[in-house]
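Shown next: start_15.cif, given as mmCIF, C-alpha atoms.
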data_data
#
loop_
_atom_site.label_atom_id
_atom_site.label_comp_id
_atom_site.auth_asym_id
_atom_site.auth_seq_id
_atom_site.Cartn_x
_atom_site.Cartn_y
_atom_site.Cartn_z
CA MET L 286 0.00 0.00 0.00
CA SER L 287 1.03 3.56 -0.04
CA ALA L 288 3.70 5.08 2.10
CA VAL L 289 1.01 6.92 3.99
CA THR L 290 -0.53 3.70 5.22
CA VAL L 291 2.79 2.36 6.34
CA ALA L 292 3.60 5.49 8.29
CA ARG L 293 0.30 5.25 10.13
CA GLN L 294 1.29 1.95 11.61
CA GLN L 295 4.31 3.36 13.36
CA GLN L 296 3.93 4.70 16.85
CA SER L 297 2.13 7.97 16.73
CA GLN L 298 4.94 10.36 16.06
CA TYR L 299 3.55 12.65 13.47
CA LEU L 300 5.39 15.71 14.54
CA ASP L 301 8.84 16.29 13.12
CA ARG L 302 11.13 17.25 15.98
CA ALA L 303 14.41 17.01 14.14
CA SER L 304 16.52 20.03 14.81
CA SER L 305 17.89 21.06 11.49
CA SER L 306 21.07 22.86 10.76
CA ALA L 307 19.90 23.65 7.28
CA LEU L 308 21.04 27.13 6.50
CA VAL L 309 17.64 28.29 5.42
CA ASP L 310 16.25 27.29 8.82
CA VAL L 311 18.95 29.10 10.72
CA VAL L 312 18.60 32.20 8.61
CA ASP L 313 14.89 32.18 9.13
CA LEU L 314 15.25 31.86 12.85
CA ILE L 315 17.96 34.35 13.65
CA LEU L 316 18.47 36.87 10.91
CA ASP L 317 17.20 40.32 11.77
CA LYS L 318 16.07 39.00 15.13
CA GLY L 319 17.39 39.59 18.58
CA LEU L 320 18.38 42.62 20.58
CA VAL L 321 20.15 45.47 18.89
CA ILE L 322 22.37 47.27 21.32
CA ASP L 323 23.28 50.94 21.41
CA VAL L 324 25.33 52.10 18.51
CA TYR L 325 28.08 53.79 20.44
CA VAL L 326 29.10 50.66 22.29
CA ARG L 327 29.18 48.63 19.20
CA VAL L 328 32.21 48.24 17.03
CA SER L 329 30.32 46.79 14.22
CA LEU L 330 27.28 45.34 12.80
CA VAL L 331 28.21 47.24 9.73
CA GLY L 332 31.09 45.97 7.74
CA ILE L 333 29.69 42.54 8.09
CA GLU L 334 29.23 40.98 4.77
CA LEU L 335 26.44 38.62 5.16
CA VAL L 336 26.47 35.84 2.73
CA THR L 337 23.21 36.75 1.24
CA ILE L 338 20.77 34.00 0.96
CA ASP L 339 17.47 34.93 -0.41
CA ALA L 340 15.41 32.40 1.39
CA ARG L 341 12.21 33.85 0.12
CA ILE L 342 11.02 32.97 -3.29
CA VAL L 343 8.68 35.10 -5.26
CA VAL L 344 5.50 33.18 -5.03
CA ALA L 345 3.24 34.98 -7.42
CA SER L 346 5.24 34.74 -10.56
CA VAL L 347 4.45 33.32 -13.93
CA ASP L 348 7.05 30.67 -13.34
CA THR L 349 5.31 29.57 -10.17
CA TYR L 350 1.99 29.46 -11.95
CA LEU L 351 3.48 27.21 -14.57
CA ARG L 352 5.07 24.96 -12.02
CA PHE L 353 1.82 24.50 -10.19
CA ALA L 354 -0.13 24.01 -13.36
CA GLU L 355 2.27 21.29 -14.33
CA ALA L 356 2.15 19.64 -10.93
CA THR L 357 -1.62 19.78 -10.97
CA ASN L 358 -1.75 18.27 -14.40
CA ARG L 359 0.46 15.46 -13.29
CA LEU L 360 -1.71 14.56 -10.35
CA ASP L 361 -3.35 11.22 -10.51
CA LEU L 362 -6.75 11.74 -9.02
CA ALA L 363 -8.36 8.52 -10.03
CA ARG L 364 -6.03 6.59 -7.84
CA SER L 365 -5.27 8.57 -4.77
CA GLY L 366 -8.64 10.26 -4.49
CA THR L 367 -10.14 7.04 -3.20
CA GLU L 368 -7.34 6.50 -0.74
CA THR L 369 -7.49 9.77 1.01
CA HIS L 370 -10.81 11.46 0.88
CA GLY L 371 -13.01 9.27 -1.23
CA LEU L 372 -14.75 11.37 -3.81
CA PRO L 373 -17.41 9.14 -5.22
CA GLY L 374 -19.16 11.90 -7.08
CA LEU L 375 -16.03 13.04 -8.76
CA MET L 376 -14.52 9.76 -9.56
CA ASP L 377 -16.08 9.33 -12.94
CA ASP L 378 -15.36 12.84 -13.83
CA LEU L 379 -11.75 12.57 -12.88
CA ARG L 380 -10.92 9.08 -13.88
CA GLU L 381 -8.36 9.40 -16.52
CA GLY L 382 -6.67 6.09 -16.43
CA GLY L 383 -3.02 5.30 -16.62
CA GLY L 384 -2.71 5.93 -12.90
CA LYS L 385 0.76 7.13 -12.20
CA LYS L 386 1.22 8.04 -8.64
CA LYS L 387 4.66 9.39 -9.16
CA THR L 388 3.78 12.97 -8.74
CA LYS L 389 5.97 13.39 -5.68
CA GLY L 390 8.56 16.00 -6.13
CA ALA L 391 6.73 17.59 -8.97
CA LEU L 392 7.18 21.04 -7.59
CA GLU L 393 10.78 20.68 -6.66
CA GLY L 394 11.90 19.42 -9.95
CA VAL L 395 11.05 16.02 -11.26
CA LYS L 396 13.54 13.34 -10.59
CA GLU L 397 11.90 10.44 -12.28
CA SER L 398 12.60 10.07 -15.91
CA VAL L 399 9.78 9.95 -18.35
CA SER L 400 10.31 6.32 -19.06
CA ASP L 401 10.05 5.58 -15.36
CA LEU L 402 6.73 7.23 -15.34
CA LEU L 403 5.53 5.26 -18.27
CA HIS L 404 6.80 1.84 -17.35
CA ASP L 405 7.39 1.62 -13.67
CA ASP L 406 3.93 1.13 -12.35
CA ASP L 407 3.45 -2.49 -13.07
CA ASP L 408 0.53 -2.70 -10.74
CA GLU L 409 -1.45 -0.68 -13.21
CA ASP L 410 -2.96 -2.73 -15.94
CA ARG L 411 -4.08 0.01 -18.19
CA GLU L 412 -1.86 1.28 -20.85
CA PRO L 413 -1.42 5.03 -20.72
CA GLU L 414 -3.47 6.75 -23.29
CA PRO L 415 -1.73 9.03 -25.72
CA GLU L 416 -2.85 12.09 -23.83
CA GLU L 417 -1.40 10.62 -20.71
CA ARG L 418 1.97 10.41 -22.27
CA GLU L 419 1.75 14.02 -23.22
CA ARG L 420 0.81 14.90 -19.72
CA HIS L 421 3.62 13.03 -18.07
CA ARG L 422 6.10 14.24 -20.53
CA ARG L 423 5.68 17.70 -19.22
CA THR L 424 8.39 17.62 -16.66
CA ARG L 425 10.04 20.86 -15.91
CA GLY L 426 12.69 21.76 -18.40
CA SER L 427 12.39 18.42 -20.08
CA THR L 428 12.68 18.44 -23.80
CA SER L 429 12.47 14.76 -24.34
CA HIS L 430 10.25 13.86 -27.22
CA ARG L 431 10.92 10.22 -27.51
CA GLU L 432 7.72 8.89 -26.03
CA ARG L 433 5.68 10.94 -28.41
CA GLU L 434 7.20 9.09 -31.29
CA ARG L 435 6.36 5.71 -29.95
CA MET B 242 41.90 52.75 14.70
CA MET B 243 42.25 49.07 14.92
CA ALA B 244 44.89 47.07 13.24
CA GLU B 245 43.87 44.43 10.77
CA ASP B 246 44.89 41.59 13.04
CA ALA B 247 43.21 43.04 16.08
CA ARG B 248 40.65 41.08 17.99
CA ALA B 249 37.29 42.27 19.14
CA CYS B 250 34.53 40.80 21.21
CA TYR B 251 31.58 39.08 19.62
CA VAL B 252 28.49 39.14 21.81
CA TYR B 253 25.88 36.40 21.48
CA GLY B 254 23.57 37.59 24.16
CA VAL B 255 23.02 38.03 27.86
CA VAL B 256 22.12 35.48 30.50
CA THR B 257 21.84 35.56 34.27
CA GLY B 258 25.11 35.64 36.18
CA ASP B 259 24.49 32.34 37.92
CA ARG B 260 25.35 30.33 34.83
CA THR B 261 28.58 28.39 35.14
CA ASP B 262 31.43 28.56 32.65
CA GLU B 263 30.62 24.96 31.87
CA ALA B 264 27.41 26.15 30.25
CA VAL B 265 29.26 27.57 27.26
CA LYS B 266 32.20 25.22 27.18
CA ASP B 267 32.95 23.66 23.80
CA LEU B 268 30.35 25.64 21.93
CA PRO B 269 31.34 26.72 18.40
CA ALA B 270 32.39 30.35 18.19
CA VAL B 271 31.46 32.81 15.46
CA GLY B 272 34.30 34.01 13.26
CA ASP B 273 37.01 31.85 14.77
CA PRO B 274 36.17 28.20 15.45
CA GLU B 275 39.19 27.95 17.75
CA ALA B 276 38.11 30.71 20.04
CA PRO B 277 36.44 29.68 23.29
CA VAL B 278 33.00 30.97 24.13
CA THR B 279 33.05 32.52 27.57
CA LEU B 280 30.93 34.42 30.04
CA VAL B 281 31.73 37.97 31.10
CA ARG B 282 29.97 38.70 34.38
CA HIS B 283 28.78 41.97 35.77
CA ARG B 284 26.28 42.67 38.57
CA GLY B 285 24.31 39.46 38.36
CA GLN B 286 24.32 39.31 34.59
CA ALA B 287 26.64 37.70 32.11
CA ALA B 288 27.37 38.42 28.49
CA VAL B 289 28.12 35.43 26.31
CA VAL B 290 31.13 36.32 24.20
CA SER B 291 34.03 35.10 22.12
CA GLU B 292 36.97 36.77 20.42
CA VAL B 293 36.71 37.52 16.73
CA PRO B 294 39.31 38.78 14.32
CA VAL B 295 38.41 42.29 13.28
CA GLY B 296 39.73 42.08 9.76
CA LYS B 297 37.55 39.27 8.64
CA PRO B 298 33.93 39.79 7.66
CA LEU B 299 31.41 37.70 9.52
CA GLY B 300 28.42 36.03 8.06
CA THR B 301 29.38 32.70 6.60
CA PRO B 302 26.81 29.94 6.97
CA GLU B 303 29.00 28.49 9.72
CA ASP B 304 28.94 31.81 11.55
CA LEU B 305 25.18 31.90 11.47
CA ARG B 306 24.95 28.34 12.69
CA SER B 307 27.40 28.99 15.52
CA HIS B 308 25.50 32.05 16.67
CA ALA B 309 22.29 30.04 16.85
CA LYS B 310 23.99 27.03 18.37
CA VAL B 311 25.45 28.97 21.27
CA LEU B 312 22.17 30.67 22.10
CA ASP B 313 20.00 27.63 21.61
CA SER B 314 22.28 25.48 23.75
CA LEU B 315 21.84 27.97 26.55
CA ALA B 316 18.09 28.04 25.99
CA GLU B 317 18.01 24.28 26.12
CA GLN B 318 19.84 24.28 29.43
CA GLY B 319 17.12 26.61 30.61
CA PRO B 320 15.81 30.12 30.14
CA PRO B 321 16.23 33.01 30.36
CA VAL B 322 18.44 33.91 27.41
CA LEU B 323 18.48 37.30 25.75
CA PRO B 324 19.71 36.74 22.21
CA PHE B 325 21.46 39.61 20.47
CA ARG B 326 21.21 40.25 16.79
CA PHE B 327 23.70 38.36 14.68
CA GLY B 328 26.87 40.35 14.17
CA THR B 329 27.03 42.29 17.40
CA VAL B 330 30.67 43.06 18.09
CA VAL B 331 32.15 45.35 20.75
CA ARG B 332 35.71 46.53 21.31
CA ASP B 333 36.84 44.21 24.06
CA THR B 334 35.72 42.56 27.28
CA ALA B 335 36.24 45.81 29.17
CA ALA B 336 33.67 47.41 26.89
CA VAL B 337 31.37 44.48 27.58
CA THR B 338 31.36 45.11 31.32
CA ASP B 339 31.86 48.86 31.52
CA GLU B 340 29.59 49.86 28.71
CA LEU B 341 27.36 47.11 27.47
CA LEU B 342 26.41 45.45 30.75
CA ALA B 343 26.68 48.58 32.87
CA GLU B 344 24.50 50.68 30.66
CA GLY B 345 22.13 47.97 29.58
CA HIS B 346 21.69 46.57 33.06
CA ASP B 347 18.14 47.69 33.68
CA ASP B 348 16.88 46.68 30.26
CA PHE B 349 18.57 43.32 30.50
CA ALA B 350 17.25 42.80 34.01
CA ARG B 351 13.75 43.49 32.77
CA GLY B 352 14.16 41.10 29.85
CA LEU B 353 15.72 38.36 31.95
CA ASP B 354 12.96 38.70 34.47
CA ARG B 355 10.18 38.52 31.91
CA LEU B 356 11.72 35.65 30.02
CA ARG B 357 12.50 33.58 33.06
CA GLY B 358 11.06 30.13 32.55
CA ARG B 359 10.03 30.95 29.00
CA SER B 360 11.35 29.69 25.70
CA GLN B 361 10.55 30.05 22.06
CA LEU B 362 9.07 27.17 20.13
CA THR B 363 8.85 27.58 16.40
CA VAL B 364 6.40 25.71 14.24
CA ARG B 365 6.81 25.22 10.52
CA ALA B 366 3.94 23.79 8.59
CA ARG B 367 4.10 22.87 4.98
CA TYR B 368 1.56 21.35 2.66
CA GLU B 369 2.26 17.97 1.18
CA GLN B 370 2.15 19.02 -2.41
CA ASP B 371 0.20 16.14 -3.86
CA ALA B 372 -2.36 16.17 -1.11
CA VAL B 373 -3.04 19.88 -1.34
CA LEU B 374 -3.19 19.86 -5.12
CA ARG B 375 -5.64 17.01 -4.95
CA GLU B 376 -7.81 19.05 -2.61
CA VAL B 377 -7.67 21.98 -4.97
CA VAL B 378 -8.70 19.97 -8.00
CA THR B 379 -11.46 18.34 -6.01
CA GLU B 380 -12.86 21.60 -4.74
CA GLN B 381 -12.47 23.65 -7.90
CA PRO B 382 -14.48 22.57 -10.93
CA GLU B 383 -12.64 25.19 -12.92
CA ALA B 384 -9.32 23.53 -12.13
CA ARG B 385 -10.67 20.24 -13.38
CA ARG B 386 -11.94 21.89 -16.53
CA LEU B 387 -8.56 23.43 -17.22
CA ARG B 388 -6.86 20.13 -16.62
CA GLU B 389 -9.15 18.52 -19.16
CA GLU B 390 -8.47 21.28 -21.59
CA LEU B 391 -4.73 21.00 -21.21
CA ARG B 392 -4.60 17.27 -21.46
CA GLY B 393 -3.14 16.32 -24.78
CA LEU B 394 -2.07 19.79 -25.72
CA PRO B 395 1.55 19.97 -26.76
CA GLU B 396 3.85 21.93 -24.52
CA GLU B 397 3.95 24.97 -26.72
CA GLU B 398 0.20 25.37 -26.58
CA GLY B 399 -2.18 26.19 -23.83
CA TYR B 400 0.07 28.76 -22.21
CA GLU B 401 -2.87 30.90 -21.18
CA GLN B 402 -4.68 27.94 -19.64
CA ARG B 403 -1.58 26.89 -17.81
CA ILE B 404 -1.16 30.32 -16.30
CA GLN B 405 -4.83 30.34 -15.43
CA LEU B 406 -4.66 26.94 -13.82
CA GLY B 407 -1.51 27.76 -11.88
CA ARG B 408 -3.00 30.98 -10.61
CA LEU B 409 -6.21 29.30 -9.60
CA VAL B 410 -4.28 26.63 -7.75
CA LEU B 411 -2.16 29.18 -5.90
CA ASP B 412 -5.16 31.32 -5.03
CA THR B 413 -6.95 28.30 -3.66
CA ILE B 414 -3.92 27.32 -1.61
CA ASP B 415 -3.82 30.90 -0.31
CA ALA B 416 -7.35 30.59 0.93
CA LYS B 417 -6.58 27.25 2.54
CA ARG B 418 -3.55 28.76 4.19
CA SER B 419 -5.62 31.42 5.92
CA VAL B 420 -8.01 28.83 7.26
CA ASP B 421 -5.32 26.38 8.32
CA ALA B 422 -3.16 29.06 9.92
CA LEU B 423 -6.12 30.01 12.08
CA GLU B 424 -6.57 26.39 13.03
CA LEU B 425 -2.94 26.17 14.00
CA ASP B 426 -3.24 29.23 16.16
CA ARG B 427 -6.48 28.01 17.69
CA ARG B 428 -4.87 24.75 18.74
CA LEU B 429 -1.47 25.98 19.90
CA GLY B 430 -2.19 29.55 20.92
CA PRO B 431 -3.82 28.65 24.25
CA TYR B 432 -0.55 27.16 25.49
CA ALA B 433 1.56 30.17 24.59
CA LEU B 434 2.01 33.63 26.10
CA ALA B 435 2.57 35.25 22.74
CA SER B 436 2.99 34.34 19.14
CA VAL B 437 4.49 35.83 16.01
CA SER B 438 3.82 34.70 12.49
CA GLN B 439 6.06 35.14 9.53
CA GLU B 440 4.88 34.85 6.02
CA ALA B 441 5.40 31.41 4.59
CA ALA B 442 8.59 31.29 2.59
CA SER B 443 7.30 29.20 -0.26
CA ALA B 444 4.15 28.46 -2.17
CA GLU B 445 3.70 25.19 -0.30
CA GLY B 446 4.38 26.80 3.05
CA LEU B 447 1.45 26.95 5.41
CA ALA B 448 2.81 28.65 8.47
CA ASN B 449 5.99 29.77 10.12
CA ALA B 450 5.03 30.74 13.61
CA SER B 451 6.93 31.26 16.82
CA PHE B 452 5.41 30.85 20.25
CA LEU B 453 6.65 32.02 23.61
CA VAL B 454 5.92 29.15 25.93
CA GLU B 455 6.29 28.78 29.66
CA ASP B 456 8.25 25.78 30.84
CA ALA B 457 5.22 24.55 32.72
CA LYS B 458 3.13 24.62 29.54
CA ARG B 459 5.69 23.19 27.21
CA GLN B 460 4.55 19.62 27.44
CA ALA B 461 0.96 20.58 26.79
CA PHE B 462 2.08 22.68 23.85
CA GLU B 463 4.06 19.80 22.42
CA GLU B 464 1.16 17.44 22.87
CA ALA B 465 -1.16 19.84 21.09
CA ALA B 466 1.34 20.09 18.26
CA GLU B 467 1.60 16.34 18.04
CA GLU B 468 -2.16 16.09 17.93
CA LEU B 469 -2.35 18.64 15.17
CA ALA B 470 0.37 16.86 13.24
CA GLU B 471 -1.66 13.68 13.48
CA HIS B 472 -4.82 15.47 12.45
CA TRP B 473 -3.08 16.88 9.39
CA HIS B 474 -1.07 13.80 8.63
CA GLY B 475 -0.75 13.16 4.94
CA ARG B 476 -1.76 16.68 4.02
CA VAL B 477 0.52 18.91 6.06
CA ARG B 478 3.97 18.27 7.42
CA LEU B 479 4.43 19.85 10.80
CA ARG B 480 7.78 20.60 12.35
CA LEU B 481 8.45 21.80 15.83
CA ILE B 482 11.79 23.46 16.48
CA GLY B 483 13.02 24.30 19.93
CA PRO B 484 13.17 25.16 22.72
CA LEU B 485 15.08 28.08 21.26
CA ALA B 486 16.41 31.36 22.51
CA PRO B 487 13.48 33.81 22.27
CA TYR B 488 14.65 35.53 19.08
CA ASP B 489 11.19 36.73 18.22
CA PHE B 490 10.26 37.96 21.69
CA VAL B 491 13.38 39.41 23.24
CA ALA B 492 12.97 42.91 21.87
CA ASP B 493 9.55 43.39 23.43
CA ALA B 494 10.59 41.77 26.68
CA THR B 495 13.31 44.33 27.32
CA ILE B 496 11.46 47.53 26.56
CA GLU B 497 9.87 49.52 29.31
CA GLY B 498 6.17 49.43 29.71
CA PRO B 499 3.53 46.90 30.60
CA GLU B 500 4.26 43.30 29.92
CA GLY B 501 2.22 41.04 27.74
CA LYS B 502 2.05 43.07 24.61
CA GLU B 503 4.80 41.24 22.89
CA GLY B 504 4.11 40.17 19.37
CA ASP B 505 0.54 39.03 19.73
CA GLU B 506 -0.59 39.77 16.25
#

Take the structure from the file and write it as structure tokens.
Amino acid sequence: MSAVTVARQQQSQYLDRASSSALVDVVDLILDKGLVIDVYVRVSLVGIELVTIDARIVVASVDTYLRFAEATNRLDLARSGTETHGLPGLMDDLREGGGKKKTKGALEGVKESVSDLLHDDDDEDREPEPEERERHRRTRGSTSHRERER
Amino acid sequence: MMAEDARACYVYGVVTGDRTDEAVKDLPAVGDPEAPVTLVRHRGQAAVVSEVPVGKPLGTPEDLRSHAKVLDSLAEQGPPVLPFRFGTVVRDTAAVTDELLAEGHDDFARGLDRLRGRSQLTVRARYEQDAVLREVVTEQPEARRLREELRGLPEEEGYEQRIQLGRLVLDTIDAKRSVDALELDRRLGPYALASVSQEAASAEGLANASFLVEDAKRQAFEEAAEELAEHWHGRVRLRLIGPLAPYDFVADATIEGPEGKEGDE
């Protein structure tokens, strides 16, 4: 079954308590925070060249829209809809066959190759329809055209 | 003027004077990993300091981590800790006692008093991308329609629809975020004295919120967070960081005036 089901069977530790030393975390926690002391005592705060890390991304950009559109298009509703929320009314509407659940990571850049997507899910009997191939082909920055020529 | 190879005194923050030197032993120093972190005491208070070379700019990732590590280690041993802003450097240890601690004494005393027995806990919540996108498509007929429309279109086509779909998805997530952030506050807020929210740093981010929590309430707070994490399991990933030095609350705790106004947005 899915990874979700497996995780549920572990002892109920749903909260992530790992302290992270990821730079983005540290920056988020400390930068521009804390007491600022009187200027005349201080030797410096200026002259400090912070390694600038722009932790914030611009959310409302065309690029983001495209990323989310792509991720949304790649979603397999027919399959996971039943697992999580059960959407009987929508099922017919959304069933599009060729269930590929490999949408993980879609927003952070797709790791799976196109051929993985097309051939890996052996538990699915249905052959992806041509439109499906088009849909899955649309990985970010991918220019592979081979599956279209099949 | 200072020579290039001169040393100055990096200040991490201020703690109460009853801390032992052991408390800061072996902690990583900012600017010079070899330098020991020490306590400079003055009238019941102690500044947490280490020597830094003056000629070298501070601010490498390691520097940032060390700053946090020193303060958070102290917070973990027990509040109160008054964290200073990253990059605070004074001339030497004499300046720490004679100027910094002498002049700041009353403010620090106020802050130490108000933050006694209180630590910061920071919560980061992030949507599981597939789960939230599935919700969006389920709830938004228009998103389903656009998906249908885009299916089978070659990459070069359907640009407008893609933009439209992406925007709709993000708008819907925005709306969810407002609702879910309220839920988070409703569940955790009661166990905290104050809270501060930062805007989520990414499109999948739900919340980035810091809570000032009394030691006595910490377990209840953590249990509530665990409960919420279970409730949201599969849809939202919830992280709890801390106890930390009260980075988000220290400024308000030291200023004069009535207590309890800190950061409650």

What are the nearest atom pairs, with distances in Å to one decimal, for all residues of chain B that come at most 7 Å from chain L, using only C-alpha atoms, set out by chain and rising residue number as JSON lines?
{"residue": "B:Pro298", "atom": "CA", "partner": "L:Ile333", "partner_atom": "CA", "distance": 5.1}
{"residue": "B:Leu299", "atom": "CA", "partner": "L:Ile333", "partner_atom": "CA", "distance": 5.3}
{"residue": "B:Gly300", "atom": "CA", "partner": "L:Leu335", "partner_atom": "CA", "distance": 4.4}
{"residue": "B:Thr301", "atom": "CA", "partner": "L:Val336", "partner_atom": "CA", "distance": 5.8}
{"residue": "B:Pro302", "atom": "CA", "partner": "L:Leu308", "partner_atom": "CA", "distance": 6.4}
{"residue": "B:Leu305", "atom": "CA", "partner": "L:Val311", "partner_atom": "CA", "distance": 6.9}
{"residue": "B:Arg306", "atom": "CA", "partner": "L:Val311", "partner_atom": "CA", "distance": 6.4}
{"residue": "B:Ala309", "atom": "CA", "partner": "L:Ile315", "partner_atom": "CA", "distance": 6.9}
{"residue": "B:Pro324", "atom": "CA", "partner": "L:Gly319", "partner_atom": "CA", "distance": 5.2}
{"residue": "B:Phe325", "atom": "CA", "partner": "L:Leu320", "partner_atom": "CA", "distance": 4.3}
{"residue": "B:Arg326", "atom": "CA", "partner": "L:Gly319", "partner_atom": "CA", "distance": 4.3}
{"residue": "B:Phe327", "atom": "CA", "partner": "L:Leu316", "partner_atom": "CA", "distance": 6.6}
{"residue": "B:Gly328", "atom": "CA", "partner": "L:Leu330", "partner_atom": "CA", "distance": 5.2}
{"residue": "B:Thr329", "atom": "CA", "partner": "L:Leu330", "partner_atom": "CA", "distance": 5.5}
{"residue": "B:Val330", "atom": "CA", "partner": "L:Ser329", "partner_atom": "CA", "distance": 5.4}
{"residue": "B:Val331", "atom": "CA", "partner": "L:Arg327", "partner_atom": "CA", "distance": 4.7}
{"residue": "B:Arg332", "atom": "CA", "partner": "L:Val328", "partner_atom": "CA", "distance": 5.8}
{"residue": "B:Glu340", "atom": "CA", "partner": "L:Val326", "partner_atom": "CA", "distance": 6.5}
{"residue": "B:Leu341", "atom": "CA", "partner": "L:Val326", "partner_atom": "CA", "distance": 6.5}
{"residue": "B:Asp371", "atom": "CA", "partner": "L:Lys389", "partner_atom": "CA", "distance": 6.6}
{"residue": "B:Leu374", "atom": "CA", "partner": "L:Thr357", "partner_atom": "CA", "distance": 6.1}
{"residue": "B:Arg375", "atom": "CA", "partner": "L:Leu362", "partner_atom": "CA", "distance": 6.8}
{"residue": "B:Arg388", "atom": "CA", "partner": "L:Asn358", "partner_atom": "CA", "distance": 5.9}
{"residue": "B:Arg392", "atom": "CA", "partner": "L:Glu416", "partner_atom": "CA", "distance": 6.0}
{"residue": "B:Gly393", "atom": "CA", "partner": "L:Glu416", "partner_atom": "CA", "distance": 4.3}
{"residue": "B:Pro395", "atom": "CA", "partner": "L:Glu419", "partner_atom": "CA", "distance": 6.9}
{"residue": "B:Arg403", "atom": "CA", "partner": "L:Ala354", "partner_atom": "CA", "distance": 5.5}
{"residue": "B:Ile404", "atom": "CA", "partner": "L:Tyr350", "partner_atom": "CA", "distance": 5.4}
{"residue": "B:Leu406", "atom": "CA", "partner": "L:Ala354", "partner_atom": "CA", "distance": 5.4}
{"residue": "B:Gly407", "atom": "CA", "partner": "L:Tyr350", "partner_atom": "CA", "distance": 3.9}
{"residue": "B:Arg408", "atom": "CA", "partner": "L:Tyr350", "partner_atom": "CA", "distance": 5.4}
{"residue": "B:Val410", "atom": "CA", "partner": "L:Phe353", "partner_atom": "CA", "distance": 6.9}
{"residue": "B:Ala442", "atom": "CA", "partner": "L:Arg341", "partner_atom": "CA", "distance": 5.1}
{"residue": "B:Ser443", "atom": "CA", "partner": "L:Ile342", "partner_atom": "CA", "distance": 6.1}
{"residue": "B:Ala444", "atom": "CA", "partner": "L:Val344", "partner_atom": "CA", "distance": 5.7}
{"residue": "B:Glu467", "atom": "CA", "partner": "L:Leu300", "partner_atom": "CA", "distance": 5.2}
{"residue": "B:Ala470", "atom": "CA", "partner": "L:Tyr299", "partner_atom": "CA", "distance": 5.3}
{"residue": "B:Glu471", "atom": "CA", "partner": "L:Tyr299", "partner_atom": "CA", "distance": 5.3}
{"residue": "B:His474", "atom": "CA", "partner": "L:Tyr299", "partner_atom": "CA", "distance": 6.8}
{"residue": "B:Gly475", "atom": "CA", "partner": "L:Val289", "partner_atom": "CA", "distance": 6.6}
{"residue": "B:Leu479", "atom": "CA", "partner": "L:Leu300", "partner_atom": "CA", "distance": 5.7}
{"residue": "B:Arg480", "atom": "CA", "partner": "L:Asp301", "partner_atom": "CA", "distance": 4.5}
{"residue": "B:Leu481", "atom": "CA", "partner": "L:Arg302", "partner_atom": "CA", "distance": 5.3}
{"residue": "B:Ile482", "atom": "CA", "partner": "L:Ser304", "partner_atom": "CA", "distance": 6.1}
{"residue": "B:Tyr488", "atom": "CA", "partner": "L:Gly319", "partner_atom": "CA", "distance": 4.9}
{"residue": "B:Asp489", "atom": "CA", "partner": "L:Lys318", "partner_atom": "CA", "distance": 6.2}
{"residue": "B:Val491", "atom": "CA", "partner": "L:Gly319", "partner_atom": "CA", "distance": 6.2}
{"residue": "B:Ala492", "atom": "CA", "partner": "L:Leu320", "partner_atom": "CA", "distance": 5.6}

Item to complete: Go through the shown structure with the PyMOL selection byres ((chain B and resi 350) around 12) and write out the matching residues as number ranges by chain.
Response: B: 255-258, 283-287, 321-323, 342-349, 351-357, 491, 494-497

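With atom CA of Ser419 of chain B on one side and atom CA of Glu369 of chain B on the other, the separation reads 16.3 Å.
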
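Within the file as shown, the PyMOL selection byres ((chain B and resi 281) around 8) identifies B:Thr279, B:Leu280, B:Arg282, B:His283, B:Ala287, B:Ala288, B:Val289, B:Val290, B:Thr334, B:Val337, B:Thr338.
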
Discussion item. As a check of understanding, name the residues that the PyMOL selection byres ((chain B and resi 366) around 8) selects in the supplied structure, as number ranges by chain.
Written reply: B: 364-365, 367-368, 446-449, 477-480

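Interatomic distance, atom CA of Cys250 of chain B to atom CA of Lys266 of chain B: 16.8 Å.
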
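Note that atom CA of Ile414 of chain B and atom CA of Ala372 of chain B are 11.3 Å apart.
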
Fill in: Contacts of Glu263 of chain B at 12 Å (all atoms listed in the file; same-chain gap of 6+ positions) as an MDAnalysis selection string
chainID B and resid 277:280 314:315 318

Discussion item. I need every residue sitting at most 8 Å from the point (37.8, 36.3, 19.3) (coordinates as in the file, all atoms listed in the file considered), written as a list in words.
Written reply: Arg248, Ala249, Cys250, Tyr251, Gly272, Asp273, Ala276, Pro277, Ser291, Glu292, Val293 and Pro294 of chain B

Write the residues you've just listed into a file as a CSV table (one decimal), in the frame of the given file, and include C-alpha atoms for each of them.
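See out_3.csv below for the written result:
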chain,number,residue,atom,x,y,z
B,248,ARG,CA,40.6,41.1,18.0
B,249,ALA,CA,37.3,42.3,19.1
B,250,CYS,CA,34.5,40.8,21.2
B,251,TYR,CA,31.6,39.1,19.6
B,272,GLY,CA,34.3,34.0,13.3
B,273,ASP,CA,37.0,31.8,14.8
B,276,ALA,CA,38.1,30.7,20.0
B,277,PRO,CA,36.4,29.7,23.3
B,291,SER,CA,34.0,35.1,22.1
B,292,GLU,CA,37.0,36.8,20.4
B,293,VAL,CA,36.7,37.5,16.7
B,294,PRO,CA,39.3,38.8,14.3
